[in-house]
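A short write-up of the structure that comes next.
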Amino acid sequence: MPKVVPGYKEEARKNIIEAAFAEANEKGFENVRMGDIAKHLGISRTTLYIYFKNREEILDAVTQNIREQFGGLLREAFSKDDLEETLVMIFDNFIRCEDRPEMTAVVGVFARAAHDEKTAVVLRKNFAGMHDLLEEAIREQKEKGKISGDVDPDVAAYAVQTLMLGIQMTTVGGLDRETAKEVWKLGIRKFLE
C-alpha cells in the first residue's frame, strides 16, 4: 500500500507544487521526473500519482499557483496611490528571476514549450490567465482615473505581459537589476499613461 502524504489533500498538493518548484529550479523543469518530486518529498511515486496524473498536470498547478500569487500582488500594488511605487513593487516582487527563484523554472518552461505541445498548452493557458488578471487590474485603474482613458486595457495587458516576460528572459541573459528596473518603469509608463 502506498505511503500516504500527511495532511489534507490541498496541503499535500501544495507541498508537491513546492517540491516541483524546488526540483525545477535545481534541474530545469524539462529534467524533473515524477520520481524526483516524490524523492524530494520522501514519498513513493505511486503516492504522487494520487494527486497528479503527470508532469504537465503538476506544471499546470504550478502556473496556477503563480497566477494566484500574481493576482494578489497586483491587487496590493495597485492599491498604492503612486504609480512609481506600484511599478517598483511589481518589479521587486514578481519580475526579477533571482529575486523569485521559482521564476527561473518558469523561464525554462518557455524553452520546453517550443518543442513540446503538452507544455505549450499549459503555457498558453497560463498566458491567458495572466493576461486576464492584468486586463482586469488595468481596467479597474482606468475606471478610477489612475490610467489614461485612451488606454485599451486588453492591448495594454498584452504590452505589460510582454514587457514582463522580456525582462525575465533578458535578466537570465545578464541584464543587470537597475537597468531592468528602468526598462520596466519606462515601458509601463508608455503603456499606461
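Chain labels A, B, ... are given in the sequence in which chains occur in the C-alpha cells; within each chain residues are numbered consecutively from 1, and ligands are likewise numbered from 1 in the order shown.
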### Query
Excluding same-chain residues fewer than 6 positions from Gly71 of chain A, what lies within 10 Å of it counting only C-alpha atoms, as a ChimeraX atom specification?
/A:65,77,129-130,132-134,136-137
Can you write out the residues you just picked, keeping C-alpha atoms, as a JSON list (two decimals), in the first residue's frame?
```json
[["chain", "number", "residue", "atom", "x", "y", "z"],
["A", 65, "ASN", "CA", -0.15, 28.98, -8.17],
["A", 77, "ALA", "CA", 0.38, 47.02, -5.84],
["A", 129, "GLY", "CA", -4.85, 33.70, -17.22],
["A", 130, "MET", "CA", -2.08, 36.24, -16.56],
["A", 132, "ASP", "CA", -6.92, 38.38, -17.75],
["A", 133, "LEU", "CA", -5.50, 39.40, -14.35],
["A", 134, "LEU", "CA", -3.58, 42.28, -15.92],
["A", 136, "GLU", "CA", -8.81, 43.45, -15.00],
["A", 137, "ALA", "CA", -6.28, 45.45, -12.94]]
```
### alpha helix (DSSP H) per DSSP on the backbone: members of chain A, as an NGL selection string
:A and (9-27 or 34-41 or 45-51 or 55-77 or 83-90 or 101-113 or 117-143 or 153-172 or 177-192)
What does the file look like for those residues with C-alpha atoms, as a tab-separated table (two decimals), in the first residue's frame?
```tsv
chain	number	residue	atom	x	y	z
A	9	LYS	CA	-5.36	16.82	0.01
A	10	GLU	CA	-4.85	20.54	-0.66
A	11	GLU	CA	-1.90	20.70	1.72
A	12	ALA	CA	-0.38	17.66	0.02
A	13	ARG	CA	-0.91	19.26	-3.40
A	14	LYS	CA	0.72	22.47	-2.14
A	15	ASN	CA	3.72	20.50	-0.88
A	16	ILE	CA	4.02	18.74	-4.24
A	17	ILE	CA	3.90	22.07	-6.08
A	18	GLU	CA	6.63	23.49	-3.83
A	19	ALA	CA	8.76	20.38	-4.35
A	20	ALA	CA	8.27	20.66	-8.12
A	21	PHE	CA	9.43	24.31	-7.94
A	22	ALA	CA	12.50	23.32	-5.95
A	23	GLU	CA	13.41	20.48	-8.29
A	24	ALA	CA	12.79	22.60	-11.39
A	25	ASN	CA	14.98	25.40	-10.08
A	26	GLU	CA	17.78	22.96	-9.46
A	27	LYS	CA	17.47	20.87	-12.64
A	34	MET	CA	7.85	12.41	-11.10
A	35	GLY	CA	10.31	10.25	-9.17
A	36	ASP	CA	12.47	13.31	-8.39
A	37	ILE	CA	9.49	15.14	-6.90
A	38	ALA	CA	8.45	12.08	-4.89
A	39	LYS	CA	12.00	11.62	-3.60
A	40	HIS	CA	12.17	15.31	-2.62
A	41	LEU	CA	9.05	14.79	-0.51
A	45	ARG	CA	5.94	7.80	-6.92
A	46	THR	CA	2.69	5.86	-6.57
A	47	THR	CA	1.57	8.28	-3.85
A	48	LEU	CA	2.45	11.24	-6.05
A	49	TYR	CA	0.20	9.87	-8.78
A	50	ILE	CA	-2.76	10.00	-6.36
A	51	TYR	CA	-2.53	13.80	-6.55
A	55	ARG	CA	4.26	16.32	-15.04
A	56	GLU	CA	2.05	18.51	-17.19
A	57	GLU	CA	-0.67	18.41	-14.54
A	58	ILE	CA	1.90	19.48	-11.96
A	59	LEU	CA	3.10	22.24	-14.30
A	60	ASP	CA	-0.49	23.40	-14.68
A	61	ALA	CA	-0.83	23.54	-10.88
A	62	VAL	CA	2.49	25.39	-10.60
A	63	THR	CA	1.42	28.02	-13.13
A	64	GLN	CA	-1.97	28.37	-11.45
A	65	ASN	CA	-0.15	28.98	-8.17
A	66	ILE	CA	1.95	31.68	-9.86
A	67	ARG	CA	-1.19	33.32	-11.27
A	68	GLU	CA	-2.78	33.37	-7.81
A	69	GLN	CA	0.33	34.98	-6.32
A	70	PHE	CA	0.44	37.49	-9.15
A	71	GLY	CA	-3.25	38.38	-8.74
A	72	GLY	CA	-2.70	39.11	-5.06
A	73	LEU	CA	0.37	41.15	-5.87
A	74	LEU	CA	-1.49	43.19	-8.50
A	75	ARG	CA	-4.32	43.97	-6.07
A	76	GLU	CA	-1.84	45.07	-3.43
A	77	ALA	CA	0.38	47.02	-5.84
A	83	LEU	CA	2.24	54.66	-9.90
A	84	GLU	CA	6.00	54.66	-9.26
A	85	GLU	CA	5.51	52.74	-6.00
A	86	THR	CA	3.18	50.31	-7.77
A	87	LEU	CA	5.67	49.65	-10.56
A	88	VAL	CA	8.59	49.12	-8.19
A	89	MET	CA	6.52	46.73	-6.07
A	90	ILE	CA	5.58	44.62	-9.10
A	101	PRO	CA	13.64	31.54	-7.50
A	102	GLU	CA	10.60	29.78	-8.93
A	103	MET	CA	10.60	32.20	-11.86
A	104	THR	CA	13.83	30.61	-13.13
A	105	ALA	CA	11.91	27.37	-13.62
A	106	VAL	CA	9.14	29.23	-15.41
A	107	VAL	CA	11.64	30.70	-17.88
A	108	GLY	CA	12.81	27.15	-18.60
A	109	VAL	CA	9.24	26.10	-19.36
A	110	PHE	CA	9.15	28.56	-22.26
A	111	ALA	CA	12.07	26.78	-23.89
A	112	ARG	CA	10.39	23.41	-23.45
A	113	ALA	CA	7.08	24.69	-24.83
A	117	GLU	CA	2.90	20.54	-27.31
A	118	LYS	CA	1.66	19.41	-23.87
A	119	THR	CA	3.84	22.03	-22.20
A	120	ALA	CA	2.78	24.62	-24.79
A	121	VAL	CA	-0.89	24.01	-23.95
A	122	VAL	CA	-0.22	24.62	-20.25
A	123	LEU	CA	1.82	27.71	-21.08
A	124	ARG	CA	-0.92	29.16	-23.30
A	125	LYS	CA	-3.46	28.62	-20.52
A	126	ASN	CA	-1.18	30.41	-18.07
A	127	PHE	CA	-0.51	33.25	-20.53
A	128	ALA	CA	-4.26	33.79	-20.98
A	129	GLY	CA	-4.85	33.70	-17.22
A	130	MET	CA	-2.08	36.24	-16.56
A	131	HIS	CA	-3.46	38.45	-19.32
A	132	ASP	CA	-6.92	38.38	-17.75
A	133	LEU	CA	-5.50	39.40	-14.35
A	134	LEU	CA	-3.58	42.28	-15.92
A	135	GLU	CA	-6.52	43.41	-18.04
A	136	GLU	CA	-8.81	43.45	-15.00
A	137	ALA	CA	-6.28	45.45	-12.94
A	138	ILE	CA	-5.72	47.95	-15.77
A	139	ARG	CA	-9.48	48.32	-16.35
A	140	GLU	CA	-10.05	48.99	-12.62
A	141	GLN	CA	-7.26	51.59	-12.57
A	142	LYS	CA	-8.65	53.22	-15.70
A	143	GLU	CA	-12.11	53.46	-14.08
A	153	PRO	CA	-6.99	47.52	-21.21
A	154	ASP	CA	-6.77	44.44	-23.46
A	155	VAL	CA	-3.87	45.75	-25.55
A	156	ALA	CA	-2.16	47.31	-22.51
A	157	ALA	CA	-2.36	43.95	-20.69
A	158	TYR	CA	-0.58	42.25	-23.60
A	159	ALA	CA	2.03	45.02	-23.67
A	160	VAL	CA	2.68	44.78	-19.92
A	161	GLN	CA	2.83	40.99	-20.06
A	162	THR	CA	5.23	41.06	-22.99
A	163	LEU	CA	7.48	43.53	-21.21
A	164	MET	CA	7.45	41.41	-18.03
A	165	LEU	CA	8.39	38.27	-19.93
A	166	GLY	CA	11.03	40.10	-21.94
A	167	ILE	CA	12.66	41.43	-18.79
A	168	GLN	CA	12.60	37.98	-17.21
A	169	MET	CA	14.27	36.50	-20.27
A	170	THR	CA	16.90	39.23	-20.58
A	171	THR	CA	17.79	39.10	-16.88
A	172	VAL	CA	18.57	35.42	-17.37
A	177	ARG	CA	18.91	44.73	-11.95
A	178	GLU	CA	18.98	48.52	-12.12
A	179	THR	CA	18.81	48.65	-15.92
A	180	ALA	CA	15.99	46.08	-15.90
A	181	LYS	CA	14.07	48.20	-13.37
A	182	GLU	CA	14.49	51.33	-15.51
A	183	VAL	CA	13.33	49.46	-18.63
A	184	TRP	CA	10.30	48.23	-16.68
A	185	LYS	CA	9.32	51.68	-15.39
A	186	LEU	CA	9.85	53.38	-18.77
A	187	GLY	CA	7.90	50.72	-20.66
A	188	ILE	CA	4.96	50.69	-18.27
A	189	ARG	CA	4.67	54.46	-18.27
A	190	LYS	CA	4.48	54.38	-22.07
A	191	PHE	CA	1.72	51.75	-21.95
A	192	LEU	CA	-0.38	53.20	-19.14
```
